[in-house]
Amino acid sequence: MRATVDGNEAAVTVAYHTNEICAIFPITPASPMAELADTWSASGRPNIYGSVPTVVEMQSEGGAAGALHGALQGGALSTTFTASQGLLLMIPDMYKIAGELTPTVFHVAARSLAAQGLSIFGDHQDVMAVRQTGFALLGSSSVQEAHDLAAVAQAATLRARVPFVHFFDGFRTSHELNTIELLSEDDLLTLVPEELVRAHRARALSPEHALIRGTSQNPDVYFQARETVNPFYAQVPALVEQSMEALAERCGRRYHIVDYAGHPEAERVAIAMGSGAETLRETVAYLAARGERVGAVTVRLYRPFPGEALLGVLPQTVRRIAVLDRTKEPGSFGEPLFLDVLGVVAEASTRNERVAMPEVIGGRYGLSSKEFTPAMAAGIFAELATARPRRRFTVGITDDVSGTSIPYGALDIEPAETLRAVFFGRGADGTVGANKNTIKILGTRRYAQGYFVYDSKKSGSETVSHLRFGPRPIKAPYLVEKAGFVGCHHFGLLGRQEVLARAAPGAAVLLNCSQPPERVWETLARSIQERILEKGLSLWVIDANRIARELGLGERINTILQACFFSISGVLEAGEALDRMKEAIRKTYGRRGTKVVEANLSAVDRAVEQLARVEIPDEATSTFELPPLVPDSAPQFVKAVTAVMMAGRGDELPVSALPPDGSWPSGTAAYEKRNISDLVADWDAQACIQCGNCSFVCPHSVLRAKFYDRRRLADAPPGFRSAPLNARGLPDTRYTLQVSVEDCTGCALCVEACPVTAPKDPTRRAINLTWRDDVVAAERRNAAFFETLPDAERPRVDFGTVRGTQFLTPLFEFSGACAGCGETPYLKLVSQLFGDRAVIANATGCSSIYGGNLPTTPWTTDAAGRGPAWSNSLFEDNAEFGLGLRLAADHHGARARARLAELKDQLGPELVSAILEAPQRSESELAAQRERLAEVRQRLLALSIPAAIELQSLLEYLLRRSIWIVGGDGWAYDIGSGGLDHVLASGRDVNVLVLDTEVYSNTGGQASKATPLGAVAKFAAAGKAVEKKDLALQAIAYGSVYVARVAMGADPQQTLRAFREAESFDGPSLIIAYSHCIAHGIDMRDGLDQQHRAVASGSWPLLRYDPLLRANGENPFLLDSPRPRIPLEDYTSRELRYSMLATSDPAEAERLAALARDAVRLRWETYEEMATRPAHRFPADARKER
Amino acid sequence: MDLSTSYLGFRLKNPVVASASPLSRTVEGVRQLADAGVGAVVLSSLFEEVLEAEARRHGALVEAGSERFAESLTYFPEAALADAAPRRYLSLIERASSAVAIPVIASLNAVTPAGWTTYARQMQDAGAVAIELNFLPSLPVEDEVSGRVIEERQLEALRLVKAVVSVPVAVKMNPCYSAAGEMARRFAAAGADGLVLFNRFLCPDIDPQALAVVPSGGLSSPADGRLPRAWIALLRRRLTISLAASSGVEGPDDVAKHLLAGSDVVMTASALLRHGPEYAQVLLGGLCAWMASKGFSRLEELRGLLAAEAR
Ligand SMILES: Cc1cc2nc3c(=O)[nH]c(=O)nc-3n(C[C@H](O)[C@H](O)[C@H](O)COP(=O)(O)O)c2cc1C
């Protein structure tokens, strides 16, 4: 059967149907495999042996591997899906599984490892890091192979008893849609017959035939025992070959563990694994057809390394070999595939099994999904033809530091019959969905391929869809470079160089534009006009936004543009294409009711009617150019590096442009000015009561308040708004709330938080949304002037009130988080209150992505250059990482204090005692300490003794440092739970902030142990059936931890108090912050209201636990929210995560809802009881006075 | 005292029927109503437009976060995708019907022909013993559509439903027809097994202090019973189909009055919402006491006693 699926689906289709247990943990890009398995399991789909596989989500990949090991020892066919760090966490179990000769297949969407930076994209670093575990490694180079070899791996592992990693390239293959032939149930049963399953089951641990495994062995036998497995490994290559042969017999697709393609008398050969091998093969076919004596070797079985097979396929004529590794091993002699090939060839030559020893060179390519194109492949063959090829090289980058990179030109090997199209869209507009739909529509008639490139931001993100259609299977695992059709779905995107760069000469360009066709040309910048003329492009326009608005489709312009594509591209005869589209619309939208269907059907008709071709003059007429991406005033690095990345041209940056150790400058988000929202916040100076609520909740830090002497206004641009400062005794002081409209996402949380309504108009607040186009020019000027106004002096700000905090400059701004994000306001608050002395350890997750995903990042510095120093170590180790930062600071601090005491007389006894005894709690005390330290620094300059020099380097540690450990619930409740627990028990002064969205947000909504009872999430599709873990109570049990549960939307003042108390508490603090999230299935504008409801219903009681109170004989447990006063349903029914269960399984929804109500009541009663206990009934903080 | 009556062909143990309201939106609510002794329950209506709006909202929320960031191409399990199927309502019918011994009547307000037929059919399949068609007054958005057209649509809907279900079908009329009597007769002619007189339009209110439109509590007062009572008295002897009175029941007297006018059953929503489901017992107790005081021992003796003569 033919189907158009992506690599993940191709692999999991086989894995699911040939296994009994799947133990998983979400990780990009492998998560979709686990999610599909879960969906199938939840719907009762059986495997080929007739049972429905069990899918369990574990707390980490380590946990998944452990569960898997157990399941395998229990005799069940078991599998997992993972990548990258996840695979690394499985290594200990992998040794065990292999050591015990246990058959299993791990399906890996191969991905980069976090080194100088994390990357979610594809390469082979992860699989190469397990090549020594004893697992066999089998690599697929296409979507079809990911399907076929999944079956081969399963068949081979059960025969060989050697466990397998079956891998394919993350994103490039895992997320590429391609038309493939699916194996039938019978095919699978033939390949993996039931006898094999029974043999595996018979090896299970069983009290009926008891034995022990996992002994501890001693010097006498361990070694020999380790050697016992050799015969099993020896037969793996043959068994894999046999399975491949069996597959070929069933379905005609023939693979070998090592395959050769190309000229039979090739002199130059390149060797690779994964999707790069497919590009190599295709390029070689092209070059060989033109007479070049070149060949390509695809290594499919990588472990056990099939040396013999490799020698068998290498033509004797080969003189030079380039081995391509999609990985990097700094400091090695070469990357692993290269070493293996070199070793095999060298051994064969020295043993005279080959006539001549070819020259073998090794190169790296494609790290982190860097493109690997036919041009690069040809470049490698060219390098092999040079007099002295580089021994080690890289391809695809410009390495101007070590000179490793080889040059390559341009090469288009794609057959003319392939229709290539590229679409530039925005996340919100449905472009990707429409393209997937197009592929489904055409996939039955032609072969199709789709690959989608997403942006690094979650709000206002851009998407690029690369589509190919043709009469034959499409083998082109690289982006479309010469598109015959380019869809530019937003006028603003046309400024991206990539848009027209990807157009082939004579291509059709479809532009969504509000201008009528006759006016379009004049609105184009000169360079764009020139490009269009140069390439002889035809230009088509449609005003899709207007049509969508008229039809009530909102931002979803996808149907309209899809219809235009079908009309222009001729991929199908137009009438037929539109009929099929309409059919698809009825199918896709039918379940949403007639209105949606009708609107979309009309969208098709109107699109066809209104699509127009633009008359293109003979020459460029435009007199204006695109504005520069970043202002001239930006720092050099931003101009030279960041701006290039922002323009989508980061691939062009040479090695020397990048920092070698992963350290990047802060505060680059401020230069991006993304202008992503048509609606932006607009302040009403007259109505405003200056309460600060709006700027407090603003997730994007676009609302800034300042007060200043009114004489300053003399220089203000016209239209700059201000009001008298709402404070007694300061008649000459003005107040301004400035909106950075170019950074505003239009989320409207400010409007929702505003407590006042404008006089005479109940629909307006003191802050409202307005059209960006109407205000942007003026507000840009206003913002620039606002910048020149002085920041409030921190000691003059009232840190204790929400109103006061609006005057503190946020040192976290303009992140790419979702519009209306519920997490970022908390981080902004940390940055305002403590940012100038904070170090932040950030667990991987949403906050590490919007916090640290290049090209631009939001953590920034104040006027003095101070600000949060931020780092992300891993997902699982964040609490420990933060603790380490604390230990270092404490150690340095102690050393500094000792040195300072030693130098007391030289530096002035008074100053030294003042420093050593400084309380450093309030902002003025901190300011005073800074002054003292500056003074000491001066005085130290006069001393050149070693102690003074050392003290200079440690002085900063005498200012109280604020260590923050930040992460989501996936980290705190699941994967990092053990570490967090340990760190909370350490007694050290760290501040833990859990941004609790009650679900894994960054990887797309998988259940965590924070997911509440009754909520639906991935891996809890039937509703979570276990109560949320009460992390607060667990921490309270230690007695030495400050604990708070907060919800800014319900009680901002309590939030503020909790943050300040937590930070000032000299010991571990834990703040659990309710963070509304797009994964809750809410209109994000309602986020704050939902927080309020969560608290009012008792679902999220606000509390603080302060060990200092206990020490003073008071009750340390403070219940900060009133008794539940609305039914739980008034909160839950407004969120899709709850209401969807009522739609899909009403009876179960009611059952869980009743239990959830009970749980809320119970918890409330427990808390209420705790709030009235005497102090001595809580554990004492046993730490010594510190 | 024999309070039994018949309605839509069922024998009910008494004439007090809980009409559609939030009380009959859950199985638990229906159970409480049954425990309180009502003769039958009409479930809160299924509104096609609400169902579609929910599915649209649901779909939009699922879409809102999807396909924009490489790590989170979706946020919800596929099993939970948007769907306008009335599963929740059907499940309510199923579970409520098996939870109680009294008849459970479903109530439908659809807007499309397909909606009327599909949902009515599904309701019957889920175990509804009868279906009430809830026709709401046409809203001002339709101010260009003539009354006759709207009446025709309602009759058509009734015919469509009758054609696809075998259970009895009642029509809940609203009082806003130019000729309610004629309309009642046309409904009867089109196959209605019973008429419920009348629904009330829950008009929102305006709060002059907050300058805002606010929902009205919407509970009736005894005076609201006069209009349906007058019509029932007028129609009783002219129509042979079941008649249910709805509106204005606050105490047992109001029940008695509706019965005397000729209704087969007396429906109540406001009184039960105001005093709780248990209040049905008070109504029934009061009815018995009044009957005893007047010397009635069977409901039949008094029903329609004061109905108008047929002309
Ligand atoms: C809150 C509320 C909800 C109602 N929901 C429905 C409904 O879903 N379907 C319906 O046909 N009538 C509905 N009604 C109307 C009642 O069933 C009843 O016909 C009307 O309120 C008059 O009766 P009463 O005076 O006893 O309240 C509702 C009434 C109220 C007060």
# chains A, B, ... in the order shown; residues from 1 in each chain; ligands from 1
>>> select_by_dssp(residues="segment 1094-1183 of chain A", states="helix (DSSP H, G or I)", output="JSON, numbers by chain")
{"A": [1094, 1095, 1096, 1107, 1108, 1109, 1110, 1111, 1128, 1129, 1130, 1131, 1132, 1136, 1137, 1138, 1139, 1140, 1141, 1142, 1143, 1144, 1146, 1147, 1148, 1149, 1150, 1151, 1152, 1153, 1154, 1155, 1156, 1157, 1158, 1159, 1160, 1161, 1162, 1163, 1164, 1165, 1166, 1167, 1168, 1169, 1170, 1171, 1175, 1176, 1177]}
>>> write_last_selection(atoms="C-alpha atoms", output="compact mmCIF listing (two decimals), in the first residue's frame")
# COMPACT_ATOMS: atom_id res chain seq x y z
CA ALA A 1094 -7.64 28.19 39.39
CA VAL A 1095 -7.13 29.88 42.73
CA ALA A 1096 -10.77 30.75 43.36
CA PRO A 1107 11.01 28.46 58.11
CA LEU A 1108 11.94 31.79 59.72
CA LEU A 1109 8.45 32.00 61.17
CA ARG A 1110 8.84 28.56 62.66
CA ALA A 1111 12.11 29.65 64.21
CA LEU A 1128 -14.06 23.61 40.08
CA GLU A 1129 -15.96 23.38 36.78
CA ASP A 1130 -16.00 27.15 36.48
CA TYR A 1131 -12.26 26.88 36.10
CA THR A 1132 -11.81 23.61 34.26
CA LEU A 1136 -9.65 22.37 26.34
CA ARG A 1137 -7.39 20.05 28.31
CA TYR A 1138 -10.36 19.34 30.57
CA SER A 1139 -13.30 19.91 28.29
CA MET A 1140 -12.02 17.68 25.51
CA LEU A 1141 -12.50 14.62 27.68
CA ALA A 1142 -16.11 15.63 28.23
CA THR A 1143 -16.48 15.57 24.47
CA SER A 1144 -14.66 12.32 23.85
CA PRO A 1146 -18.32 12.09 28.90
CA ALA A 1147 -18.86 9.43 31.53
CA GLU A 1148 -15.17 9.19 32.33
CA ALA A 1149 -14.92 12.96 32.34
CA GLU A 1150 -17.65 13.16 34.94
CA ARG A 1151 -16.08 10.44 37.02
CA LEU A 1152 -12.69 12.14 37.02
CA ALA A 1153 -14.26 15.53 37.61
CA ALA A 1154 -15.97 14.23 40.71
CA LEU A 1155 -12.70 12.78 41.96
CA ALA A 1156 -10.94 16.02 41.16
CA ARG A 1157 -13.51 17.93 43.20
CA ASP A 1158 -12.88 15.59 46.11
CA ALA A 1159 -9.15 15.96 45.74
CA VAL A 1160 -9.41 19.74 45.78
CA ARG A 1161 -11.55 19.63 48.89
CA LEU A 1162 -9.23 17.22 50.62
CA ARG A 1163 -6.17 19.23 49.85
CA TRP A 1164 -7.87 22.37 51.03
CA GLU A 1165 -8.81 20.75 54.31
CA THR A 1166 -5.26 19.57 54.82
CA TYR A 1167 -3.91 23.03 54.15
CA GLU A 1168 -6.46 24.66 56.38
CA GLU A 1169 -5.50 22.34 59.17
CA MET A 1170 -1.83 23.09 58.60
CA ALA A 1171 -2.51 26.80 58.63
CA ALA A 1175 4.74 26.08 65.15
CA HIS A 1176 6.15 23.08 66.96
CA ARG A 1177 4.09 20.75 64.85
>>> residues_near_ligand(ligand="ligand 1", cutoff="7 Å", atoms="only C-alpha atoms and all ligand atoms", output="list in words")
Ser19, Ala20, Ser21, Pro22, Ser44, Ser45, Leu46, Ser107, Asn134, Lys172, Phe198, Asn199, Arg200, Gly218, Leu219, Ser220, Ser221, Asp224, Ser246, Ser247, Gly248, Val249, Met267, Thr268, Ala269, Ser270 and Ala271 of chain B
>>> write_last_selection(atoms="N, CA and C atoms", output="tab-separated table (two decimals), in the first residue's frame")
chain	number	residue	atom	x	y	z
B	19	SER	N	-38.92	20.46	33.68
B	19	SER	CA	-38.65	20.85	32.30
B	19	SER	C	-37.16	21.16	32.13
B	20	ALA	N	-36.81	21.37	30.87
B	20	ALA	CA	-35.38	21.53	30.56
B	20	ALA	C	-34.78	22.69	31.33
B	21	SER	N	-33.70	22.42	32.02
B	21	SER	CA	-33.00	23.47	32.76
B	21	SER	C	-31.64	22.90	33.15
B	22	PRO	N	-30.79	23.71	33.73
B	22	PRO	CA	-29.47	23.19	34.11
B	22	PRO	C	-29.56	22.00	35.07
B	44	SER	N	-32.06	19.14	29.62
B	44	SER	CA	-31.63	20.43	29.09
B	44	SER	C	-31.35	20.24	27.59
B	45	SER	N	-31.68	21.23	26.78
B	45	SER	CA	-31.63	21.00	25.33
B	45	SER	C	-30.23	20.84	24.77
B	46	LEU	N	-30.20	20.09	23.68
B	46	LEU	CA	-28.99	20.07	22.85
B	46	LEU	C	-29.18	21.14	21.78
B	107	SER	N	-34.29	16.89	24.51
B	107	SER	CA	-34.77	18.15	23.95
B	107	SER	C	-33.77	18.66	22.94
B	134	ASN	N	-37.37	22.11	20.67
B	134	ASN	CA	-37.37	23.39	21.36
B	134	ASN	C	-37.19	24.49	20.33
B	172	LYS	N	-42.09	22.26	21.80
B	172	LYS	CA	-42.15	23.30	22.82
B	172	LYS	C	-42.24	24.62	22.09
B	198	PHE	N	-45.49	27.37	27.46
B	198	PHE	CA	-44.62	27.87	26.43
B	198	PHE	C	-43.18	27.87	26.96
B	199	ASN	N	-42.27	28.05	26.05
B	199	ASN	CA	-40.91	28.36	26.49
B	199	ASN	C	-40.85	29.84	26.81
B	200	ARG	N	-39.85	30.22	27.53
B	200	ARG	CA	-39.69	31.66	27.79
B	200	ARG	C	-38.35	32.09	27.22
B	218	GLY	N	-33.52	35.03	35.00
B	218	GLY	CA	-34.42	34.31	34.11
B	218	GLY	C	-35.44	33.43	34.79
B	219	LEU	N	-35.59	33.54	36.10
B	219	LEU	CA	-36.59	32.70	36.75
B	219	LEU	C	-37.95	33.38	36.66
B	220	SER	N	-38.98	32.56	36.55
B	220	SER	CA	-40.32	33.12	36.31
B	220	SER	C	-41.02	33.45	37.63
B	221	SER	N	-42.13	34.12	37.48
B	221	SER	CA	-42.99	34.36	38.64
B	221	SER	C	-44.38	33.83	38.29
B	224	ASP	N	-46.36	34.65	35.19
B	224	ASP	CA	-45.97	34.13	33.88
B	224	ASP	C	-46.80	32.91	33.48
B	246	SER	N	-46.04	24.99	30.72
B	246	SER	CA	-44.70	25.38	31.20
B	246	SER	C	-44.71	26.87	31.42
B	247	SER	N	-44.25	27.27	32.55
B	247	SER	CA	-44.09	28.67	33.00
B	247	SER	C	-44.93	28.97	34.23
B	248	GLY	N	-44.26	29.63	35.14
B	248	GLY	CA	-44.98	30.28	36.23
B	248	GLY	C	-45.37	29.39	37.40
B	249	VAL	N	-44.84	28.15	37.47
B	249	VAL	CA	-45.18	27.33	38.64
B	249	VAL	C	-44.29	27.75	39.81
B	267	MET	N	-45.10	21.43	33.79
B	267	MET	CA	-43.64	21.44	33.84
B	267	MET	C	-43.16	22.60	34.70
B	268	THR	N	-42.01	22.37	35.29
B	268	THR	CA	-41.45	23.45	36.09
B	268	THR	C	-39.92	23.44	36.01
B	269	ALA	N	-39.41	24.63	35.88
B	269	ALA	CA	-37.95	24.81	35.91
B	269	ALA	C	-37.59	25.78	37.02
B	270	SER	N	-38.18	26.98	36.97
B	270	SER	CA	-37.80	28.03	37.92
B	270	SER	C	-37.94	27.60	39.37
B	271	ALA	N	-39.08	26.97	39.69
B	271	ALA	CA	-39.31	26.62	41.10
B	271	ALA	C	-38.23	25.65	41.59
>>> closest_residue(among="B:Glu144, B:Gly286, B:Ala244, B:Thr112", to="Ala170 of chain B", atoms="only C-alpha atoms")
B:Ala244
>>> residues_around(residues="Val313 of chain A", least_positions_apart="2", cutoff="8 Å", atoms="only C-alpha atoms", output="MDAnalysis selection string")
chainID A and resid 258:260 297 309:311 315
>>> write_last_selection(atoms="C-alpha atoms", output="PDB file, in the first residue's frame")
ATOM      1  CA  VAL A 258      26.730  -2.147   2.645  1.00  0.00           C
ATOM      2  CA  ASP A 259      25.639  -0.976  -0.778  1.00  0.00           C
ATOM      3  CA  TYR A 260      27.636   0.308  -3.665  1.00  0.00           C
ATOM      4  CA  VAL A 297      29.010   3.436  -0.602  1.00  0.00           C
ATOM      5  CA  ALA A 309      31.034  -6.534   3.101  1.00  0.00           C
ATOM      6  CA  LEU A 310      32.674  -3.168   2.679  1.00  0.00           C
ATOM      7  CA  LEU A 311      35.699  -4.688   1.013  1.00  0.00           C
ATOM      8  CA  PRO A 315      35.725  -1.719  -6.744  1.00  0.00           C
TER       9      PRO A 315
END
>>> interface_residues(of="chain A", to="chain B", cutoff="8 Å", atoms="only C-alpha atoms", output="PyMOL selection string")
chain A and resi 28-29+35+39+43+120+426-428+430+432-433+453-458+461-463+591-593+596+762+1001-1006+1016-1019+1021+1078-1079+1081-1083+1136-1137+1140-1147
>>> atom_distance(atom1="atom CA of Ser924 of chain A", atom2="atom CA of Leu959 of chain A")
12.6 Å
>>> residues_around(residues="Thr215 of chain A", least_positions_apart="3", cutoff="12 Å", atoms="only C-alpha atoms", output="VMD selection string")
chain A and resid 96 99 to 100 211 to 212 218 221 to 222 225
>>> write_last_selection(atoms="N, CA and C atoms", output="tab-separated table (two decimals), in the first residue's frame")
chain	number	residue	atom	x	y	z
A	96	LYS	N	23.75	-3.22	29.71
A	96	LYS	CA	23.15	-4.37	30.36
A	96	LYS	C	22.36	-5.21	29.34
A	99	GLY	N	24.70	-6.87	27.05
A	99	GLY	CA	25.50	-7.88	27.76
A	99	GLY	C	24.69	-9.13	28.02
A	100	GLU	N	23.40	-8.98	28.16
A	100	GLU	CA	22.55	-10.13	28.44
A	100	GLU	C	21.94	-10.71	27.16
A	211	LEU	N	16.39	-18.64	37.56
A	211	LEU	CA	17.84	-18.49	37.43
A	211	LEU	C	18.14	-17.06	37.83
A	212	ILE	N	19.39	-16.71	37.89
A	212	ILE	CA	19.67	-15.31	38.18
A	212	ILE	C	20.50	-14.68	37.07
A	218	ASN	N	33.96	-11.41	39.12
A	218	ASN	CA	35.27	-11.05	39.66
A	218	ASN	C	36.36	-11.28	38.62
A	221	VAL	N	36.49	-14.50	36.26
A	221	VAL	CA	35.67	-14.89	35.10
A	221	VAL	C	35.11	-13.74	34.27
A	222	TYR	N	35.13	-12.51	34.81
A	222	TYR	CA	34.48	-11.43	34.07
A	222	TYR	C	34.95	-11.36	32.61
A	225	ALA	N	33.84	-14.16	30.44
A	225	ALA	CA	32.40	-14.08	30.24
A	225	ALA	C	32.07	-13.00	29.23
>>> residues_around(residues="Leu510 of chain A", least_positions_apart="4", cutoff="9 Å", atoms="only C-alpha atoms", output="list of chain:residue names")
A:Phe485, A:Val486, A:Gly487, A:Cys488, A:His489, A:Ser538, A:Leu539, A:Trp540, A:Val541, A:Ile542, A:Leu561, A:Cys564, A:Phe565, A:Ile568, A:Arg613
>>> residues_around(residues="Asp254 of chain B", least_positions_apart="4", cutoff="10 Å", atoms="only C-alpha atoms", output="PyMOL selection string")
chain B and resi 222-223+225-226+229+247-250+258-260+266+283+287
>>> write_last_selection(atoms="all heavy atoms", output="compact mmCIF listing (two decimals), in the first residue's frame")
# COMPACT_ATOMS: atom_id res chain seq x y z
N PRO B 222 -45.24 33.61 39.29
CA PRO B 222 -46.55 32.98 39.02
C PRO B 222 -47.33 33.70 37.92
O PRO B 222 -48.07 33.04 37.17
CB PRO B 222 -47.25 33.07 40.37
CG PRO B 222 -46.14 33.00 41.36
CD PRO B 222 -44.99 33.76 40.74
N ALA B 223 -47.13 35.00 37.78
CA ALA B 223 -47.89 35.72 36.76
C ALA B 223 -47.57 35.20 35.36
O ALA B 223 -48.41 35.25 34.46
CB ALA B 223 -47.58 37.21 36.85
N GLY B 225 -47.52 32.36 34.44
CA GLY B 225 -48.32 31.17 34.13
C GLY B 225 -49.61 31.49 33.39
O GLY B 225 -50.25 30.61 32.83
N ARG B 226 -50.00 32.76 33.40
CA ARG B 226 -51.33 33.08 32.85
C ARG B 226 -51.42 32.85 31.36
O ARG B 226 -52.41 32.32 30.86
CB ARG B 226 -51.67 34.54 33.16
CG ARG B 226 -51.93 34.73 34.64
CD ARG B 226 -52.46 36.11 34.92
NE ARG B 226 -52.35 36.37 36.34
CZ ARG B 226 -52.06 37.55 36.86
NH1 ARG B 226 -51.89 38.59 36.07
NH2 ARG B 226 -51.97 37.70 38.15
N ARG B 229 -51.56 29.22 30.44
CA ARG B 229 -52.80 28.65 30.98
C ARG B 229 -53.97 29.02 30.09
O ARG B 229 -54.84 28.22 29.77
CB ARG B 229 -53.01 29.14 32.40
CG ARG B 229 -54.01 28.34 33.18
CD ARG B 229 -53.63 28.22 34.64
NE ARG B 229 -53.53 29.53 35.28
CZ ARG B 229 -52.45 29.98 35.92
NH1 ARG B 229 -51.36 29.22 35.99
NH2 ARG B 229 -52.44 31.17 36.47
N SER B 247 -44.25 27.27 32.55
CA SER B 247 -44.09 28.67 33.00
C SER B 247 -44.93 28.97 34.23
O SER B 247 -46.10 28.59 34.30
CB SER B 247 -44.47 29.72 31.95
OG SER B 247 -43.50 29.78 30.95
N GLY B 248 -44.26 29.63 35.14
CA GLY B 248 -44.98 30.28 36.23
C GLY B 248 -45.37 29.39 37.40
O GLY B 248 -46.15 29.80 38.24
N VAL B 249 -44.84 28.15 37.47
CA VAL B 249 -45.18 27.33 38.64
C VAL B 249 -44.29 27.75 39.81
O VAL B 249 -43.07 27.72 39.70
CB VAL B 249 -44.98 25.83 38.34
CG1 VAL B 249 -45.11 25.02 39.62
CG2 VAL B 249 -45.97 25.38 37.30
N GLU B 250 -44.92 28.16 40.88
CA GLU B 250 -44.14 28.48 42.05
C GLU B 250 -44.62 27.62 43.22
O GLU B 250 -43.83 27.07 43.97
CB GLU B 250 -44.25 29.98 42.37
CG GLU B 250 -43.62 30.43 43.68
CD GLU B 250 -42.15 30.02 43.85
OE1 GLU B 250 -41.45 29.87 42.85
OE2 GLU B 250 -41.72 29.85 45.02
N HIS B 258 -52.93 24.96 36.32
CA HIS B 258 -52.61 24.47 34.97
C HIS B 258 -53.40 23.21 34.66
O HIS B 258 -53.89 23.02 33.54
CB HIS B 258 -51.11 24.16 34.87
CG HIS B 258 -50.25 25.38 34.65
ND1 HIS B 258 -50.57 26.41 33.81
CD2 HIS B 258 -49.03 25.72 35.18
CE1 HIS B 258 -49.61 27.32 33.81
NE2 HIS B 258 -48.66 26.93 34.66
N LEU B 259 -53.55 22.35 35.66
CA LEU B 259 -54.29 21.10 35.43
C LEU B 259 -55.77 21.40 35.17
O LEU B 259 -56.38 20.82 34.27
CB LEU B 259 -54.13 20.16 36.63
CG LEU B 259 -52.73 19.56 36.82
CD1 LEU B 259 -52.62 18.88 38.18
CD2 LEU B 259 -52.41 18.56 35.70
N LEU B 260 -56.30 22.30 35.94
CA LEU B 260 -57.71 22.66 35.76
C LEU B 260 -57.94 23.24 34.36
O LEU B 260 -58.98 23.03 33.75
CB LEU B 260 -58.14 23.66 36.83
CG LEU B 260 -58.29 23.07 38.26
CD1 LEU B 260 -58.42 24.17 39.31
CD2 LEU B 260 -59.47 22.11 38.31
N VAL B 266 -47.64 19.25 34.13
CA VAL B 266 -47.24 20.61 34.45
C VAL B 266 -45.73 20.61 34.61
O VAL B 266 -45.18 19.84 35.41
CB VAL B 266 -47.92 21.10 35.74
CG1 VAL B 266 -47.43 22.51 36.08
CG2 VAL B 266 -49.41 21.05 35.58
N LEU B 283 -44.37 20.43 45.90
CA LEU B 283 -45.43 20.65 44.91
C LEU B 283 -46.43 19.50 44.93
O LEU B 283 -47.65 19.71 44.92
CB LEU B 283 -44.81 20.78 43.51
CG LEU B 283 -43.95 22.02 43.26
CD1 LEU B 283 -43.36 21.97 41.85
CD2 LEU B 283 -44.77 23.30 43.43
N LEU B 287 -50.27 19.49 46.10
CA LEU B 287 -51.30 19.13 45.13
C LEU B 287 -52.27 18.11 45.75
O LEU B 287 -53.50 18.26 45.65
CB LEU B 287 -50.64 18.55 43.87
CG LEU B 287 -51.59 18.12 42.75
CD1 LEU B 287 -52.39 19.29 42.20
CD2 LEU B 287 -50.82 17.44 41.62
>>> residues_around(residues="Lys706 of chain A", least_positions_apart="5", cutoff="7 Å", atoms="only C-alpha atoms", output="list in words")
Tyr735, Thr736, Leu737, Asp791, Ala792 and Phe807 of chain A
>>> closest_residue(among="B:Met291, B:Ala106, B:Ala180, B:Ala99", to="Ala126 of chain B", atoms="only C-alpha atoms")
B:Ala106
>>> atom_distance(atom1="atom CA of Leu833 of chain A", atom2="atom CA of Phe799 of chain A")
7.5 Å
>>> closest_residue(among="A:Leu537, A:Ile849, A:Ala647, A:Ala687", to="Lys760 of chain A", atoms="only C-alpha atoms")
A:Ala687
>>> closest_residue(among="B:Gly304, B:Gly285, B:Pro228, B:Pro113", to="Pro175 of chain B", atoms="only C-alpha atoms")
B:Pro228
>>> atom_distance(atom1="atom CA of Val284 of chain A", atom2="atom CA of Tyr478 of chain A")
15.7 Å
>>> select_by_dssp(residues="segment 65-302 of chain B", states="strand (DSSP E or B)", output="ChimeraX atom specification")
/B:104-109,130-134,169-173,194-197,205-207,212-214,242-246,265-268,298
